[in-house]
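Asks: Have a look at this one before I ask anything.
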2 protein chains.
Amino acid sequence: MTADQSHHRAELSLGDWQAQLRAKGYRLTPQRELVLKVVQQLGHATPDEVLAAVREESQAVNQSTVYRTLELLEELGLVRHAHLTDRAPTYHSTTNPTHAHLVCRECGRVSELPADALDPLTGLLKTDHGFEPDLGHLTIFGHCAGCA
Amino acid sequence: MTADQSHHRAELSLGDWQAQLRAKGYRLTPQRELVLKVVQQLGHATPDEVLAAVREESQAVNQSTVYRTLELLEELGLVRHAHLTDRAPTYHSTTNPTHAHLVCRECGRVSELPADALDPLTGLLKTDHGFEPDLGHLTIFGHCAGCA
DNA sequence: GTTAATGCAAAAACTTTGCAAACCT
DNA sequence: AGGTTTGCAAAGTTTTTGCATTAAC
């Protein structure tokens with residue numbers, strides 16, 4: 001197994017993230033824990049949905065804090081965002097392996113495509129264009145089997 | 001040559017579009033001609049940039065009209081949009097063959113990837129997931145050769 | 001003359017910012 | 001205590017909408 005094979009795993013183990021936070025001079029707050037928790041629970045969620053979920057969790061958290069926290073969590077590699085619609089971005093936890101998204105324009109269904117499945121694409125882009133794709137951000141629109 | 005090989009060409013020949021417009025009950029207006037012209041000239045442009053360019057062309061066109069016109073032109077298959085940043089979409093003419101976009105996060109450079117180059121991906125998605133991707137809307141973020 | 005398209009202005013959707021108060025370490 | 005984070009409210013950015021007027025057919 002080459003070192004390169006590790007590129008599909010989550011970037012931080014869960015136990016580490018609080019230490020990582022502090023190592024960068026950041027502080028651990030209830031808001032940050034909560035936002036991370038709801039993103040993990042919701043799967044794919046817009047900032048707006050994260051806000052709503054956080055508020056149902058019985059604590060009031062401000063809108064700005066949600067935006068600022070999502071940005072921070074993304075910097076730490078704990079969450080990622082993708083554009084599943086032409087509107088607001090959706091965030092998801094990185095505890096699942098890196099994946100691209102397939103979105104059906106007809107039924108709106110979103111499915112996850114493991115990064116492994118895209119290895120041929122990665123190879124092609126690297127070889128022919130010297131380009132290193134960020135598959136975790138990739139969203140492919142089209143029509144799914146049911147809506148063909 | 002199979003019929004399928006034609007899927008990379010522009011959807012409408014330039015001579016036809018005015019007829020297509022009328023066939024759907026739409027009307028040919030100077031604004032629509034102008035917006036289409038500047039999109040063709042600009043290459044990739046946000047609605048805002050289209051508006052600015054249109055206004056330099058010595059005619060005043062309203063913001064709303066630009067949005068409504070881009071939507072219409074896209075419905076007719078004369079333009080397409082892609083998301084080259086996390087902000088506004090960019091529109092481009094379909095007189096060029098269908099292509100995906102490669103965007104470098106470091107230097108911001110955008111390059112076009114012919115749909116042909118993605119045939120392996122298309123095949124894989126179709127075979128393994130029954131999914132028909134819309135490559136003209138696809139944007140792949142990552143790092144280019146120079147910024148590796 | 002009809003009906004579609006435009007301009008305008010207001011609102012909607014989404015995100016960011018400045019600053020004082022509150023909280024983490 | 002000291003510096004980071006939050007809440008709040010206001011403003012910024014981008015897009016949409018309703019309706020009277022204008023223009024295409």
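Letters A, B, ... go to the chains of the structure tokens in the order shown; residues in each chain start at 1; ligands are counted from 1 in the same order.
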What are the nearest atom pairs, with distances in Å to one decimal, for all residues of chain B that come at most 12 Å from chain D, using only C-alpha atoms (C1' of nucleotides), set out by chain and rising residue number as CSV?
Replies:
residue,atom,partner,partner_atom,distance
B:Arg22,CA,D:DC25,C1',9.7
B:Gly25,CA,D:DC25,C1',9.9
B:Tyr26,CA,D:DA24,C1',9.5
B:Arg27,CA,D:DA24,C1',6.3
B:Leu28,CA,D:DA24,C1',7.3
B:Thr29,CA,D:DA24,C1',7.5
B:Pro30,CA,D:DA24,C1',10.5
B:Gln31,CA,D:DA23,C1',11.7
B:Thr46,CA,D:DT14,C1',10.7
B:Pro47,CA,D:DT14,C1',9.5
B:Asp48,CA,D:DT14,C1',9.2
B:Gln63,CA,D:DT15,C1',9.8
B:Ser64,CA,D:DT16,C1',8.4
B:Thr65,CA,D:DT16,C1',11.4
B:Val66,CA,D:DT15,C1',11.1
B:Tyr67,CA,D:DT15,C1',8.1
B:Arg68,CA,D:DT16,C1',9.8
B:Arg87,CA,D:DT14,C1',8.5
B:Ala88,CA,D:DT14,C1',7.3
B:Pro89,CA,D:DT14,C1',10.3
Asks: Could you write out chain B as a tab-separated table (two decimals) with N, CA and C atoms, in the first residue's frame once it has been least-squares superposed on chain A using every ordered C-alpha pair?
Replies:
chain	number	residue	atom	x	y	z
B	1	MET	N	0.99	-1.18	-0.36
B	1	MET	CA	0.13	0.02	-0.33
B	1	MET	C	0.96	1.27	-0.28
B	2	THR	N	0.71	2.12	-1.23
B	2	THR	CA	1.47	3.36	-1.27
B	2	THR	C	0.85	4.39	-0.34
B	3	ALA	N	1.64	5.39	-0.02
B	3	ALA	CA	1.17	6.45	0.86
B	3	ALA	C	-0.03	7.17	0.21
B	4	ASP	N	-0.01	7.19	-1.09
B	4	ASP	CA	-1.02	7.93	-1.82
B	4	ASP	C	-2.43	7.37	-1.61
B	5	GLN	N	-2.49	6.10	-1.27
B	5	GLN	CA	-3.81	5.47	-1.13
B	5	GLN	C	-4.62	6.04	0.02
B	6	SER	N	-3.98	6.83	0.85
B	6	SER	CA	-4.67	7.35	2.02
B	6	SER	C	-5.51	8.59	1.69
B	7	HIS	N	-5.47	9.02	0.41
B	7	HIS	CA	-6.09	10.31	0.14
B	7	HIS	C	-7.60	10.31	0.19
B	8	HIS	N	-8.20	9.19	0.40
B	8	HIS	CA	-9.66	9.17	0.47
B	8	HIS	C	-10.20	9.19	1.90
B	9	ARG	N	-9.38	9.07	2.87
B	9	ARG	CA	-9.87	9.05	4.25
B	9	ARG	C	-10.22	10.46	4.73
B	10	ALA	N	-10.95	10.50	5.82
B	10	ALA	CA	-11.25	11.79	6.44
B	10	ALA	C	-9.93	12.42	6.88
B	11	GLU	N	-9.92	13.73	6.88
B	11	GLU	CA	-8.65	14.41	7.12
B	11	GLU	C	-8.25	14.46	8.59
B	12	LEU	N	-9.24	14.46	9.46
B	12	LEU	CA	-8.93	14.50	10.88
B	12	LEU	C	-9.74	13.43	11.60
B	13	SER	N	-9.13	12.76	12.52
B	13	SER	CA	-9.93	11.86	13.35
B	13	SER	C	-10.71	12.72	14.32
B	14	LEU	N	-11.85	12.21	14.74
B	14	LEU	CA	-12.73	13.02	15.57
B	14	LEU	C	-12.10	13.46	16.88
B	15	GLY	N	-11.27	12.59	17.42
B	15	GLY	CA	-10.64	12.94	18.69
B	15	GLY	C	-9.69	14.11	18.58
B	16	ASP	N	-9.18	14.32	17.39
B	16	ASP	CA	-8.12	15.30	17.20
B	16	ASP	C	-8.60	16.73	17.00
B	17	TRP	N	-9.81	16.89	16.60
B	17	TRP	CA	-10.17	18.20	16.07
B	17	TRP	C	-10.13	19.31	17.09
B	18	GLN	N	-10.42	18.98	18.33
B	18	GLN	CA	-10.39	20.03	19.34
B	18	GLN	C	-8.97	20.49	19.59
B	19	ALA	N	-8.05	19.54	19.48
B	19	ALA	CA	-6.64	19.90	19.63
B	19	ALA	C	-6.16	20.74	18.45
B	20	GLN	N	-6.57	20.32	17.27
B	20	GLN	CA	-6.24	21.06	16.04
B	20	GLN	C	-6.69	22.50	16.10
B	21	LEU	N	-7.91	22.64	16.62
B	21	LEU	CA	-8.51	23.95	16.79
B	21	LEU	C	-7.58	24.82	17.63
B	22	ARG	N	-7.22	24.30	18.77
B	22	ARG	CA	-6.41	25.08	19.71
B	22	ARG	C	-5.02	25.33	19.16
B	23	ALA	N	-4.51	24.35	18.42
B	23	ALA	CA	-3.17	24.50	17.86
B	23	ALA	C	-3.10	25.72	16.94
B	24	LYS	N	-4.24	26.06	16.36
B	24	LYS	CA	-4.26	27.21	15.46
B	24	LYS	C	-4.67	28.49	16.17
B	25	GLY	N	-4.79	28.40	17.48
B	25	GLY	CA	-5.15	29.59	18.23
B	25	GLY	C	-6.64	29.84	18.31
B	26	TYR	N	-7.44	28.86	17.83
B	26	TYR	CA	-8.88	29.02	17.89
B	26	TYR	C	-9.39	28.49	19.23
B	27	ARG	N	-10.64	28.82	19.53
B	27	ARG	CA	-11.20	28.39	20.80
B	27	ARG	C	-12.37	27.44	20.61
B	28	LEU	N	-12.54	26.58	21.57
B	28	LEU	CA	-13.63	25.62	21.50
B	28	LEU	C	-14.87	26.23	22.16
B	29	THR	N	-15.91	26.40	21.35
B	29	THR	CA	-17.13	27.00	21.89
B	29	THR	C	-18.30	26.04	21.69
B	30	PRO	N	-19.34	26.20	22.50
B	30	PRO	CA	-20.53	25.36	22.35
B	30	PRO	C	-21.11	25.49	20.95
B	31	GLN	N	-21.08	26.70	20.41
B	31	GLN	CA	-21.64	26.90	19.07
B	31	GLN	C	-20.91	26.04	18.04
B	32	ARG	N	-19.60	26.01	18.14
B	32	ARG	CA	-18.83	25.23	17.16
B	32	ARG	C	-19.11	23.75	17.29
B	33	GLU	N	-19.24	23.28	18.53
B	33	GLU	CA	-19.56	21.87	18.71
B	33	GLU	C	-20.94	21.55	18.13
B	34	LEU	N	-21.87	22.46	18.40
B	34	LEU	CA	-23.24	22.25	17.94
B	34	LEU	C	-23.35	22.23	16.41
B	35	VAL	N	-22.73	23.20	15.78
B	35	VAL	CA	-22.81	23.27	14.32
B	35	VAL	C	-22.22	22.00	13.70
B	36	LEU	N	-21.08	21.59	14.21
B	36	LEU	CA	-20.47	20.37	13.68
B	36	LEU	C	-21.40	19.18	13.88
B	37	LYS	N	-22.01	19.09	15.04
B	37	LYS	CA	-22.91	17.98	15.32
B	37	LYS	C	-24.09	17.94	14.35
B	38	VAL	N	-24.72	19.08	14.13
B	38	VAL	CA	-25.90	19.05	13.25
B	38	VAL	C	-25.52	18.79	11.79
B	39	VAL	N	-24.35	19.26	11.38
B	39	VAL	CA	-23.94	18.96	10.01
B	39	VAL	C	-23.77	17.45	9.86
B	40	GLN	N	-23.20	16.83	10.87
B	40	GLN	CA	-23.03	15.38	10.82
B	40	GLN	C	-24.37	14.66	10.79
B	41	GLN	N	-25.32	15.19	11.54
B	41	GLN	CA	-26.64	14.56	11.61
B	41	GLN	C	-27.45	14.75	10.33
B	42	LEU	N	-27.35	15.94	9.75
B	42	LEU	CA	-28.22	16.27	8.63
B	42	LEU	C	-27.79	15.66	7.31
B	43	GLY	N	-26.52	15.33	7.19
B	43	GLY	CA	-26.07	14.79	5.91
B	43	GLY	C	-25.64	15.90	4.97
B	44	HIS	N	-26.57	16.45	4.23
B	44	HIS	CA	-26.28	17.60	3.38
B	44	HIS	C	-27.21	18.74	3.79
B	45	ALA	N	-26.65	19.86	4.17
B	45	ALA	CA	-27.51	20.94	4.64
B	45	ALA	C	-26.97	22.31	4.26
B	46	THR	N	-27.88	23.19	3.90
B	46	THR	CA	-27.52	24.57	3.61
B	46	THR	C	-27.31	25.30	4.94
B	47	PRO	N	-26.64	26.45	4.89
B	47	PRO	CA	-26.43	27.24	6.11
B	47	PRO	C	-27.78	27.51	6.81
B	48	ASP	N	-28.77	27.76	6.04
B	48	ASP	CA	-30.10	28.01	6.58
B	48	ASP	C	-30.64	26.82	7.34
B	49	GLU	N	-30.48	25.66	6.76
B	49	GLU	CA	-30.96	24.44	7.41
B	49	GLU	C	-30.14	24.13	8.66
B	50	VAL	N	-28.86	24.43	8.58
B	50	VAL	CA	-28.01	24.24	9.75
B	50	VAL	C	-28.50	25.14	10.88
B	51	LEU	N	-28.79	26.37	10.53
B	51	LEU	CA	-29.27	27.33	11.53
B	51	LEU	C	-30.55	26.83	12.18
B	52	ALA	N	-31.49	26.36	11.35
B	52	ALA	CA	-32.76	25.88	11.88
B	52	ALA	C	-32.55	24.69	12.81
B	53	ALA	N	-31.70	23.77	12.39
B	53	ALA	CA	-31.45	22.57	13.19
B	53	ALA	C	-30.78	22.93	14.52
B	54	VAL	N	-29.85	23.85	14.45
B	54	VAL	CA	-29.15	24.27	15.64
B	54	VAL	C	-30.13	24.88	16.65
B	55	ARG	N	-31.07	25.63	16.11
B	55	ARG	CA	-32.04	26.29	17.00
B	55	ARG	C	-33.00	25.31	17.64
B	56	GLU	N	-33.27	24.22	16.92
B	56	GLU	CA	-34.13	23.19	17.53
B	56	GLU	C	-33.40	22.44	18.62
B	57	GLU	N	-32.11	22.45	18.54
B	57	GLU	CA	-31.30	21.79	19.57
B	57	GLU	C	-31.32	22.60	20.86
B	58	SER	N	-32.25	23.52	20.92
B	58	SER	CA	-32.51	24.24	22.16
B	58	SER	C	-31.50	25.34	22.51
B	59	GLN	N	-30.62	25.66	21.59
B	59	GLN	CA	-29.74	26.78	21.87
B	59	GLN	C	-29.87	27.80	20.77
B	60	ALA	N	-29.85	29.03	21.11
B	60	ALA	CA	-29.91	30.09	20.11
B	60	ALA	C	-28.50	30.37	19.61
B	61	VAL	N	-28.35	30.30	18.32
B	61	VAL	CA	-27.07	30.61	17.71
B	61	VAL	C	-27.36	31.59	16.59
B	62	ASN	N	-26.52	32.55	16.44
B	62	ASN	CA	-26.77	33.56	15.43
B	62	ASN	C	-26.37	33.09	14.04
B	63	GLN	N	-27.09	33.62	13.08
B	63	GLN	CA	-26.85	33.42	11.66
B	63	GLN	C	-25.37	33.62	11.28
B	64	SER	N	-24.84	34.75	11.69
B	64	SER	CA	-23.44	35.05	11.34
B	64	SER	C	-22.51	33.99	11.88
B	65	THR	N	-22.84	33.54	13.06
B	65	THR	CA	-21.99	32.52	13.69
B	65	THR	C	-22.01	31.24	12.88
B	66	VAL	N	-23.17	30.90	12.34
B	66	VAL	CA	-23.26	29.69	11.52
B	66	VAL	C	-22.35	29.83	10.30
B	67	TYR	N	-22.44	30.94	9.61
B	67	TYR	CA	-21.58	31.16	8.45
B	67	TYR	C	-20.11	31.11	8.83
B	68	ARG	N	-19.77	31.83	9.91
B	68	ARG	CA	-18.37	31.88	10.30
B	68	ARG	C	-17.88	30.52	10.76
B	69	THR	N	-18.75	29.78	11.40
B	69	THR	CA	-18.36	28.47	11.90
B	69	THR	C	-18.19	27.46	10.77
B	70	LEU	N	-19.09	27.49	9.82
B	70	LEU	CA	-18.96	26.57	8.69
B	70	LEU	C	-17.66	26.82	7.94
B	71	GLU	N	-17.33	28.09	7.81
B	71	GLU	CA	-16.07	28.45	7.15
B	71	GLU	C	-14.87	27.89	7.92
B	72	LEU	N	-14.94	28.05	9.22
B	72	LEU	CA	-13.85	27.56	10.07
B	72	LEU	C	-13.73	26.04	10.01
B	73	LEU	N	-14.87	25.37	10.13
B	73	LEU	CA	-14.87	23.90	10.11
B	73	LEU	C	-14.36	23.38	8.77
B	74	GLU	N	-14.64	24.12	7.73
B	74	GLU	CA	-14.16	23.71	6.42
B	74	GLU	C	-12.65	23.89	6.35
B	75	GLU	N	-12.16	24.98	6.91
B	75	GLU	CA	-10.71	25.21	6.94
B	75	GLU	C	-10.01	24.08	7.70
B	76	LEU	N	-10.65	23.60	8.74
B	76	LEU	CA	-10.07	22.52	9.53
B	76	LEU	C	-10.24	21.16	8.86
B	77	GLY	N	-11.02	21.13	7.79
B	77	GLY	CA	-11.22	19.86	7.08
B	77	GLY	C	-12.29	18.98	7.70
B	78	LEU	N	-13.09	19.55	8.60
B	78	LEU	CA	-14.12	18.75	9.27
B	78	LEU	C	-15.41	18.68	8.46
B	79	VAL	N	-15.65	19.71	7.68
B	79	VAL	CA	-16.81	19.69	6.78
B	79	VAL	C	-16.35	20.14	5.40
B	80	ARG	N	-17.21	19.90	4.43
B	80	ARG	CA	-16.95	20.36	3.07
B	80	ARG	C	-18.27	20.89	2.53
B	81	HIS	N	-18.18	21.68	1.46
B	81	HIS	CA	-19.43	22.11	0.85
B	81	HIS	C	-19.40	21.79	-0.63
B	82	ALA	N	-20.59	21.62	-1.18
B	82	ALA	CA	-20.75	21.40	-2.62
B	82	ALA	C	-21.97	22.19	-3.05
B	83	HIS	N	-22.10	22.39	-4.35
B	83	HIS	CA	-23.24	23.15	-4.86
B	83	HIS	C	-24.22	22.21	-5.53
B	84	LEU	N	-25.24	21.83	-4.78
B	84	LEU	CA	-26.19	20.85	-5.28
B	84	LEU	C	-27.37	21.50	-6.00
B	85	THR	N	-27.45	22.81	-5.90
B	85	THR	CA	-28.47	23.55	-6.63
B	85	THR	C	-27.77	24.81	-7.15
B	86	ASP	N	-28.53	25.64	-7.88
B	86	ASP	CA	-27.94	26.89	-8.32
B	86	ASP	C	-28.04	27.93	-7.21
B	87	ARG	N	-28.56	27.52	-6.08
B	87	ARG	CA	-28.70	28.45	-4.97
B	87	ARG	C	-27.68	28.18	-3.87
B	88	ALA	N	-28.16	28.05	-2.66
B	88	ALA	CA	-27.25	27.93	-1.52
B	88	ALA	C	-26.41	26.65	-1.56
B	89	PRO	N	-25.19	26.72	-1.05
B	89	PRO	CA	-24.31	25.56	-0.96
B	89	PRO	C	-24.80	24.61	0.14
B	90	THR	N	-24.40	23.35	0.05
B	90	THR	CA	-24.75	22.43	1.13
B	90	THR	C	-23.46	21.90	1.76
B	91	TYR	N	-23.51	21.76	3.06
B	91	TYR	CA	-22.35	21.29	3.81
B	91	TYR	C	-22.56	19.86	4.27
B	92	HIS	N	-21.48	19.12	4.31
B	92	HIS	CA	-21.56	17.77	4.83
B	92	HIS	C	-20.28	17.45	5.59
B	93	SER	N	-20.41	16.50	6.48
B	93	SER	CA	-19.27	16.11	7.31
B	93	SER	C	-18.25	15.32	6.50
B	94	THR	N	-17.00	15.38	6.90
B	94	THR	CA	-15.97	14.60	6.21
B	94	THR	C	-15.70	13.28	6.91
B	95	THR	N	-16.57	12.89	7.81
B	95	THR	CA	-16.38	11.58	8.44
B	95	THR	C	-16.62	10.48	7.41
B	96	ASN	N	-17.46	10.77	6.40
B	96	ASN	CA	-17.59	9.85	5.28
B	96	ASN	C	-16.43	10.09	4.32
B	97	PRO	N	-16.07	9.05	3.58
B	97	PRO	CA	-14.96	9.20	2.63
B	97	PRO	C	-15.29	10.27	1.58
B	98	THR	N	-14.26	10.81	0.99
B	98	THR	CA	-14.43	11.81	-0.07
B	98	THR	C	-15.30	11.27	-1.19
B	99	HIS	N	-16.24	12.10	-1.60
B	99	HIS	CA	-17.13	11.67	-2.68
B	99	HIS	C	-17.58	12.86	-3.50
B	100	ALA	N	-17.88	12.60	-4.76
B	100	ALA	CA	-18.49	13.62	-5.62
B	100	ALA	C	-20.00	13.44	-5.54
B	101	HIS	N	-20.74	14.37	-6.12
B	101	HIS	CA	-22.19	14.28	-6.08
B	101	HIS	C	-22.78	14.22	-7.49
B	102	LEU	N	-23.80	13.38	-7.61
B	102	LEU	CA	-24.56	13.27	-8.86
B	102	LEU	C	-25.95	13.82	-8.57
B	103	VAL	N	-26.35	14.83	-9.31
B	103	VAL	CA	-27.66	15.44	-9.06
B	103	VAL	C	-28.54	15.34	-10.30
B	104	CYS	N	-29.71	14.77	-10.15
B	104	CYS	CA	-30.64	14.65	-11.26
B	104	CYS	C	-31.49	15.91	-11.39
B	105	ARG	N	-31.47	16.49	-12.56
B	105	ARG	CA	-32.22	17.73	-12.78
B	105	ARG	C	-33.73	17.48	-12.81
B	106	GLU	N	-34.10	16.25	-13.10
B	106	GLU	CA	-35.52	15.93	-13.22
B	106	GLU	C	-36.14	15.72	-11.85
B	107	CYS	N	-35.61	14.77	-11.12
B	107	CYS	CA	-36.23	14.41	-9.84
B	107	CYS	C	-35.50	15.03	-8.66
B	108	GLY	N	-34.37	15.65	-8.91
B	108	GLY	CA	-33.66	16.32	-7.83
B	108	GLY	C	-32.86	15.39	-6.94
B	109	ARG	N	-32.89	14.12	-7.27
B	109	ARG	CA	-32.19	13.17	-6.40
B	109	ARG	C	-30.68	13.35	-6.40
B	110	VAL	N	-30.10	13.21	-5.24
B	110	VAL	CA	-28.66	13.35	-5.10
B	110	VAL	C	-28.06	12.02	-4.72
B	111	SER	N	-27.05	11.58	-5.46
B	111	SER	CA	-26.37	10.38	-5.01
B	111	SER	C	-24.88	10.66	-4.89
B	112	GLU	N	-24.24	9.85	-4.07
B	112	GLU	CA	-22.82	10.08	-3.83
B	112	GLU	C	-22.00	9.11	-4.66
B	113	LEU	N	-20.95	9.64	-5.23
B	113	LEU	CA	-20.08	8.84	-6.08
B	113	LEU	C	-18.70	8.79	-5.41
B	114	PRO	N	-18.28	7.62	-4.96
B	114	PRO	CA	-17.00	7.51	-4.26
B	114	PRO	C	-15.86	8.03	-5.13
B	115	ALA	N	-14.90	8.65	-4.51
B	115	ALA	CA	-13.77	9.19	-5.26
B	115	ALA	C	-13.08	8.10	-6.07
B	116	ASP	N	-13.08	6.90	-5.56
B	116	ASP	CA	-12.44	5.79	-6.27
B	116	ASP	C	-13.01	5.62	-7.67
B	117	ALA	N	-14.33	5.81	-7.76
B	117	ALA	CA	-14.99	5.61	-9.04
B	117	ALA	C	-14.50	6.61	-10.08
B	118	LEU	N	-13.91	7.68	-9.59
B	118	LEU	CA	-13.46	8.72	-10.52
B	118	LEU	C	-11.97	8.66	-10.80
B	119	ASP	N	-11.32	7.61	-10.35
B	119	ASP	CA	-9.89	7.49	-10.56
B	119	ASP	C	-9.48	7.65	-12.02
B	120	PRO	N	-10.26	7.09	-12.96
B	120	PRO	CA	-9.90	7.28	-14.37
B	120	PRO	C	-9.87	8.77	-14.74
B	121	LEU	N	-10.86	9.50	-14.27
B	121	LEU	CA	-10.91	10.93	-14.54
B	121	LEU	C	-9.71	11.64	-13.91
B	122	THR	N	-9.45	11.30	-12.67
B	122	THR	CA	-8.32	11.91	-11.98
B	122	THR	C	-7.03	11.68	-12.76
B	123	GLY	N	-6.85	10.46	-13.20
B	123	GLY	CA	-5.64	10.11	-13.95
B	123	GLY	C	-5.53	10.91	-15.23
B	124	LEU	N	-6.64	10.99	-15.93
B	124	LEU	CA	-6.65	11.72	-17.20
B	124	LEU	C	-6.33	13.19	-17.00
B	125	LEU	N	-6.91	13.78	-16.01
B	125	LEU	CA	-6.68	15.21	-15.78
B	125	LEU	C	-5.23	15.47	-15.39
B	126	LYS	N	-4.72	14.56	-14.58
B	126	LYS	CA	-3.34	14.70	-14.12
B	126	LYS	C	-2.36	14.54	-15.29
B	127	THR	N	-2.57	13.50	-16.03
B	127	THR	CA	-1.67	13.19	-17.14
B	127	THR	C	-1.74	14.22	-18.25
B	128	ASP	N	-2.95	14.49	-18.70
B	128	ASP	CA	-3.10	15.34	-19.88
B	128	ASP	C	-3.09	16.83	-19.59
B	129	HIS	N	-3.41	17.20	-18.36
B	129	HIS	CA	-3.52	18.64	-18.07
B	129	HIS	C	-2.76	19.09	-16.84
B	130	GLY	N	-2.08	18.14	-16.19
B	130	GLY	CA	-1.36	18.52	-14.97
B	130	GLY	C	-2.28	19.08	-13.91
B	131	PHE	N	-3.52	18.65	-13.98
B	131	PHE	CA	-4.53	19.23	-13.09
B	131	PHE	C	-4.93	18.25	-12.00
B	132	GLU	N	-4.90	18.74	-10.76
B	132	GLU	CA	-5.26	17.91	-9.60
B	132	GLU	C	-6.66	18.29	-9.14
B	133	PRO	N	-7.66	17.47	-9.47
B	133	PRO	CA	-9.04	17.86	-9.18
B	133	PRO	C	-9.40	17.69	-7.70
B	134	ASP	N	-10.28	18.54	-7.26
B	134	ASP	CA	-10.83	18.45	-5.91
B	134	ASP	C	-12.17	17.74	-6.01
B	135	LEU	N	-12.13	16.44	-5.88
B	135	LEU	CA	-13.34	15.65	-6.13
B	135	LEU	C	-14.41	15.84	-5.07
B	136	GLY	N	-14.00	16.21	-3.89
B	136	GLY	CA	-14.97	16.41	-2.81
B	136	GLY	C	-15.89	17.59	-3.05
B	137	HIS	N	-15.51	18.42	-3.98
B	137	HIS	CA	-16.32	19.61	-4.27
B	137	HIS	C	-17.11	19.44	-5.56
B	138	LEU	N	-16.85	18.33	-6.22
B	138	LEU	CA	-17.41	18.13	-7.55
B	138	LEU	C	-18.88	17.72	-7.55
B	139	THR	N	-19.66	18.42	-8.33
B	139	THR	CA	-21.06	18.06	-8.51
B	139	THR	C	-21.34	17.89	-9.99
B	140	ILE	N	-21.90	16.75	-10.34
B	140	ILE	CA	-22.23	16.48	-11.73
B	140	ILE	C	-23.75	16.48	-11.90
B	141	PHE	N	-24.24	17.41	-12.70
B	141	PHE	CA	-25.67	17.47	-12.97
B	141	PHE	C	-25.99	16.63	-14.21
B	142	GLY	N	-27.21	16.14	-14.26
B	142	GLY	CA	-27.61	15.36	-15.41
B	142	GLY	C	-28.94	14.69	-15.16
B	143	HIS	N	-29.13	13.55	-15.80
B	143	HIS	CA	-30.38	12.82	-15.62
B	143	HIS	C	-30.10	11.40	-15.14
B	144	CYS	N	-30.81	11.00	-14.12
B	144	CYS	CA	-30.56	9.68	-13.54
B	144	CYS	C	-31.31	8.59	-14.33
B	145	ALA	N	-31.04	7.35	-13.99
B	145	ALA	CA	-31.60	6.22	-14.70
B	145	ALA	C	-33.12	6.30	-14.79
B	146	GLY	N	-33.75	6.61	-13.69
B	146	GLY	CA	-35.21	6.66	-13.66
B	146	GLY	C	-35.80	7.76	-14.51
B	147	CYS	N	-35.05	8.82	-14.70
B	147	CYS	CA	-35.58	9.98	-15.40
B	147	CYS	C	-35.03	10.13	-16.81
B	148	ALA	N	-34.39	9.10	-17.31
B	148	ALA	CA	-33.77	9.17	-18.63
B	148	ALA	C	-34.82	9.53	-19.67
Asks: Hey, what does DSSP flag as alpha helix (DSSP H) within segment 40-88 of chain B? Can you give it to me as a count of residues only?
Replies: 26
Asks: I need the chain C residues near chain A as a JSON list (two decimals) with C-alpha atoms (C1' of nucleotides), in the first residue's frame; criterion: at most 12 Å, counting only C-alpha atoms (C1' of nucleotides).
Replies:
[["chain", "number", "residue", "atom", "x", "y", "z"],
["C", 13, "DA", "C1'", -32.61, 35.42, -0.98],
["C", 14, "DC", "C1'", -28.17, 34.91, 0.62],
["C", 15, "DT", "C1'", -23.94, 36.56, 2.85],
["C", 16, "DT", "C1'", -20.84, 39.77, 5.12],
["C", 17, "DT", "C1'", -19.31, 43.36, 8.39],
["C", 23, "DC", "C1'", -16.91, 33.83, 26.88],
["C", 24, "DC", "C1'", -12.78, 30.65, 26.61],
["C", 25, "DT", "C1'", -8.27, 29.74, 28.20]]
Asks: Taking the DSSP assignment computed from this structure's backbone, write out as a list of chain:residue names all residues of segment 9-86 of chain B that belong to strand (DSSP E or B).
Replies: B:Ala45, B:Val79, B:Arg80, B:His81, B:Ala82
